[in-house]
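S.K.: Just passing along the structure, written as structure tokens.
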Amino acid sequence: MKQSRLILLTRGFKSQCPRCCNPDLFQTHYRLRECCPSCGLALEQEDGWGLGAIPLNYVFTCLCWILPVALAYLIGWVSLTLAFILAGLGAVLVPFLTYRRAKCLWVGIYYAVLPHELDSNIGNKKGA
């Protein structure tokens, strides 16, 4: 079944399997399964494939934390010292909080860019 790229991206953002919408994509809090336990879609390709989630996490951190803290300083709501403390804490904590979302969004982006891989990319279900 052909699915639109927007649907694949939306499923990735919602932390669902791009093919079957299964939300159970992680073995542990920070370890993505090799393939979807429901439909067998490969979620991890080769070593280094998932590194695309790092820039996504960086963008989340900058847009959702660093930029608001910088604006709060520029407007005068917080002091420079407090802005640096908040920015530093956010730069360390926000990536841990958004990791799962970034990883799933990366899977969604991959399959949205290469939707033909949905039909041909079946992982083995023994690792799921």
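Letters for chains follow the order of the structure tokens (A, B, ...), residue numbers begin at 1 for each chain, and ligand numbers begin at 1 in the order shown.
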Which residues are close to Gly12 (chain A), i.e. within 7 Å by only C-alpha atoms, leaving aside same-chain residues fewer than 6 positions away? Reply as a PyMOL selection string.

M.R.: chain A and resi 18+104-105+107-108

S.K.: Could you check which of A:Pro95, A:Gly40, A:Gly76, A:Pro68 is closest to Leu118 (chain A), using only C-alpha atoms?

M.R.: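 Comparing A:Pro95, A:Gly40, A:Gly76, A:Pro68 against Leu118 (chain A), the winner is A:Gly40.
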
S.K.: Could you work out how far CA of Val59 (chain A) lies from CA of Leu41 (chain A), giving the answer in Å with one decimal?

M.R.: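 These two atoms are separated by 26.6 Å.
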
S.K.: Near Val78 (chain A), counting only C-alpha atoms, which residues have an atom at most 12 Å away, once you skip same-chain residues fewer than 6 positions from it, shown as a list in words?

M.R.: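 So, after excluding close chain neighbours, the residues are Pro68, Val69, Ala70, Leu71, Ala72, Phe84, Ile85, Leu86 and Ala87 of chain A.
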
S.K.: Which residues are near region 23-25 of chain A? Cut-off 10 Å, only C-alpha atoms, ignore same chain within fewer than 5 positions. Put them as a list in words.

M.R.: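 My list of contacting residues is Arg11, Gly12, Lys14, Ser15, Gln16, Cys17, Pro18, Arg31, Leu32, Arg33, Glu34, Cys35, Cys36, Pro37, Ser38, Leu43, Arg100, Cys104 and Ala128 of chain A.
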
S.K.: Write the residues of the preceding selection, restricted to N, CA, C and O atoms, as a PDB file, in the first residue's frame.

M.R.:
ATOM      1  N   ARG A  11       3.981   9.791  11.332  1.00  0.00           N
ATOM      2  CA  ARG A  11       4.150   8.585  12.152  1.00  0.00           C
ATOM      3  C   ARG A  11       5.498   8.588  12.847  1.00  0.00           C
ATOM      4  O   ARG A  11       5.618   8.195  14.003  1.00  0.00           O
ATOM      5  N   GLY A  12       6.536   9.037  12.164  1.00  0.00           N
ATOM      6  CA  GLY A  12       7.844   9.151  12.795  1.00  0.00           C
ATOM      7  C   GLY A  12       7.820  10.134  13.950  1.00  0.00           C
ATOM      8  O   GLY A  12       8.364   9.864  15.021  1.00  0.00           O
ATOM      9  N   LYS A  14       5.295  10.907  15.738  1.00  0.00           N
ATOM     10  CA  LYS A  14       4.469  10.341  16.812  1.00  0.00           C
ATOM     11  C   LYS A  14       5.107   9.100  17.437  1.00  0.00           C
ATOM     12  O   LYS A  14       4.478   8.432  18.249  1.00  0.00           O
ATOM     13  N   SER A  15       6.343   8.780  17.035  1.00  0.00           N
ATOM     14  CA  SER A  15       7.083   7.609  17.530  1.00  0.00           C
ATOM     15  C   SER A  15       6.353   6.308  17.216  1.00  0.00           C
ATOM     16  O   SER A  15       6.231   5.420  18.051  1.00  0.00           O
ATOM     17  N   GLN A  16       5.888   6.209  15.976  1.00  0.00           N
ATOM     18  CA  GLN A  16       5.201   5.002  15.515  1.00  0.00           C
ATOM     19  C   GLN A  16       5.959   4.416  14.331  1.00  0.00           C
ATOM     20  O   GLN A  16       6.698   5.114  13.641  1.00  0.00           O
ATOM     21  N   CYS A  17       5.736   3.142  14.105  1.00  0.00           N
ATOM     22  CA  CYS A  17       6.310   2.489  12.936  1.00  0.00           C
ATOM     23  C   CYS A  17       5.736   3.145  11.679  1.00  0.00           C
ATOM     24  O   CYS A  17       4.522   3.336  11.581  1.00  0.00           O
ATOM     25  N   PRO A  18       6.576   3.517  10.715  1.00  0.00           N
ATOM     26  CA  PRO A  18       6.070   4.152   9.498  1.00  0.00           C
ATOM     27  C   PRO A  18       5.130   3.265   8.693  1.00  0.00           C
ATOM     28  O   PRO A  18       4.250   3.763   8.012  1.00  0.00           O
ATOM     29  N   ARG A  31      17.218   2.288  23.504  1.00  0.00           N
ATOM     30  CA  ARG A  31      17.652   1.355  22.463  1.00  0.00           C
ATOM     31  C   ARG A  31      16.485   1.028  21.536  1.00  0.00           C
ATOM     32  O   ARG A  31      15.513   0.375  21.934  1.00  0.00           O
ATOM     33  N   LEU A  32      16.629   1.474  20.289  1.00  0.00           N
ATOM     34  CA  LEU A  32      15.633   1.198  19.262  1.00  0.00           C
ATOM     35  C   LEU A  32      15.743  -0.259  18.827  1.00  0.00           C
ATOM     36  O   LEU A  32      16.837  -0.807  18.737  1.00  0.00           O
ATOM     37  N   ARG A  33      14.614  -0.893  18.590  1.00  0.00           N
ATOM     38  CA  ARG A  33      14.618  -2.275  18.103  1.00  0.00           C
ATOM     39  C   ARG A  33      15.228  -2.320  16.697  1.00  0.00           C
ATOM     40  O   ARG A  33      15.183  -1.336  15.970  1.00  0.00           O
ATOM     41  N   GLU A  34      15.754  -3.464  16.332  1.00  0.00           N
ATOM     42  CA  GLU A  34      16.294  -3.625  14.978  1.00  0.00           C
ATOM     43  C   GLU A  34      15.178  -3.609  13.940  1.00  0.00           C
ATOM     44  O   GLU A  34      15.367  -3.143  12.823  1.00  0.00           O
ATOM     45  N   CYS A  35      14.023  -4.165  14.307  1.00  0.00           N
ATOM     46  CA  CYS A  35      12.893  -4.142  13.387  1.00  0.00           C
ATOM     47  C   CYS A  35      11.602  -4.051  14.194  1.00  0.00           C
ATOM     48  O   CYS A  35      11.565  -4.337  15.391  1.00  0.00           O
ATOM     49  N   CYS A  36      10.549  -3.638  13.545  1.00  0.00           N
ATOM     50  CA  CYS A  36       9.243  -3.496  14.185  1.00  0.00           C
ATOM     51  C   CYS A  36       8.737  -4.871  14.617  1.00  0.00           C
ATOM     52  O   CYS A  36       8.712  -5.805  13.809  1.00  0.00           O
ATOM     53  N   PRO A  37       8.301  -5.014  15.873  1.00  0.00           N
ATOM     54  CA  PRO A  37       7.811  -6.318  16.317  1.00  0.00           C
ATOM     55  C   PRO A  37       6.483  -6.716  15.666  1.00  0.00           C
ATOM     56  O   PRO A  37       6.125  -7.885  15.658  1.00  0.00           O
ATOM     57  N   SER A  38       5.789  -5.767  15.086  1.00  0.00           N
ATOM     58  CA  SER A  38       4.501  -6.059  14.480  1.00  0.00           C
ATOM     59  C   SER A  38       4.614  -6.444  13.004  1.00  0.00           C
ATOM     60  O   SER A  38       4.105  -7.473  12.588  1.00  0.00           O
ATOM     61  N   LEU A  43      14.178  -1.033  11.421  1.00  0.00           N
ATOM     62  CA  LEU A  43      14.259   0.286  12.052  1.00  0.00           C
ATOM     63  C   LEU A  43      15.700   0.751  12.170  1.00  0.00           C
ATOM     64  O   LEU A  43      15.968   1.937  12.279  1.00  0.00           O
ATOM     65  N   ARG A 100      14.216   9.792  22.059  1.00  0.00           N
ATOM     66  CA  ARG A 100      13.294   8.821  21.452  1.00  0.00           C
ATOM     67  C   ARG A 100      12.533   9.440  20.285  1.00  0.00           C
ATOM     68  O   ARG A 100      12.367   8.838  19.236  1.00  0.00           O
ATOM     69  N   CYS A 104      12.905   8.235  16.324  1.00  0.00           N
ATOM     70  CA  CYS A 104      11.739   7.802  15.545  1.00  0.00           C
ATOM     71  C   CYS A 104      11.478   8.736  14.367  1.00  0.00           C
ATOM     72  O   CYS A 104      11.102   8.280  13.284  1.00  0.00           O
ATOM     73  N   ALA A 128      13.503  -8.834  17.415  1.00  0.00           N
ATOM     74  CA  ALA A 128      12.504  -7.897  17.908  1.00  0.00           C
ATOM     75  C   ALA A 128      12.060  -8.218  19.234  1.00  0.00           C
ATOM     76  O   ALA A 128      11.922  -8.739  20.081  1.00  0.00           O
TER      77      ALA A 128
END

S.K.: Find the residue from A:Ile75, A:Val92, A:Leu114, A:Ile66 that sits nearest to Ser4 (chain A); use only C-alpha atoms when measuring.

M.R.: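 The shortest atom-to-atom distance to Ser4 (chain A) comes from A:Leu114.
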
S.K.: From the list A:Thr28, A:Gly88, A:Gly52, A:Asp47, which residue is nearest Ile109 (chain A) when using only C-alpha atoms?

M.R.: A:Gly52
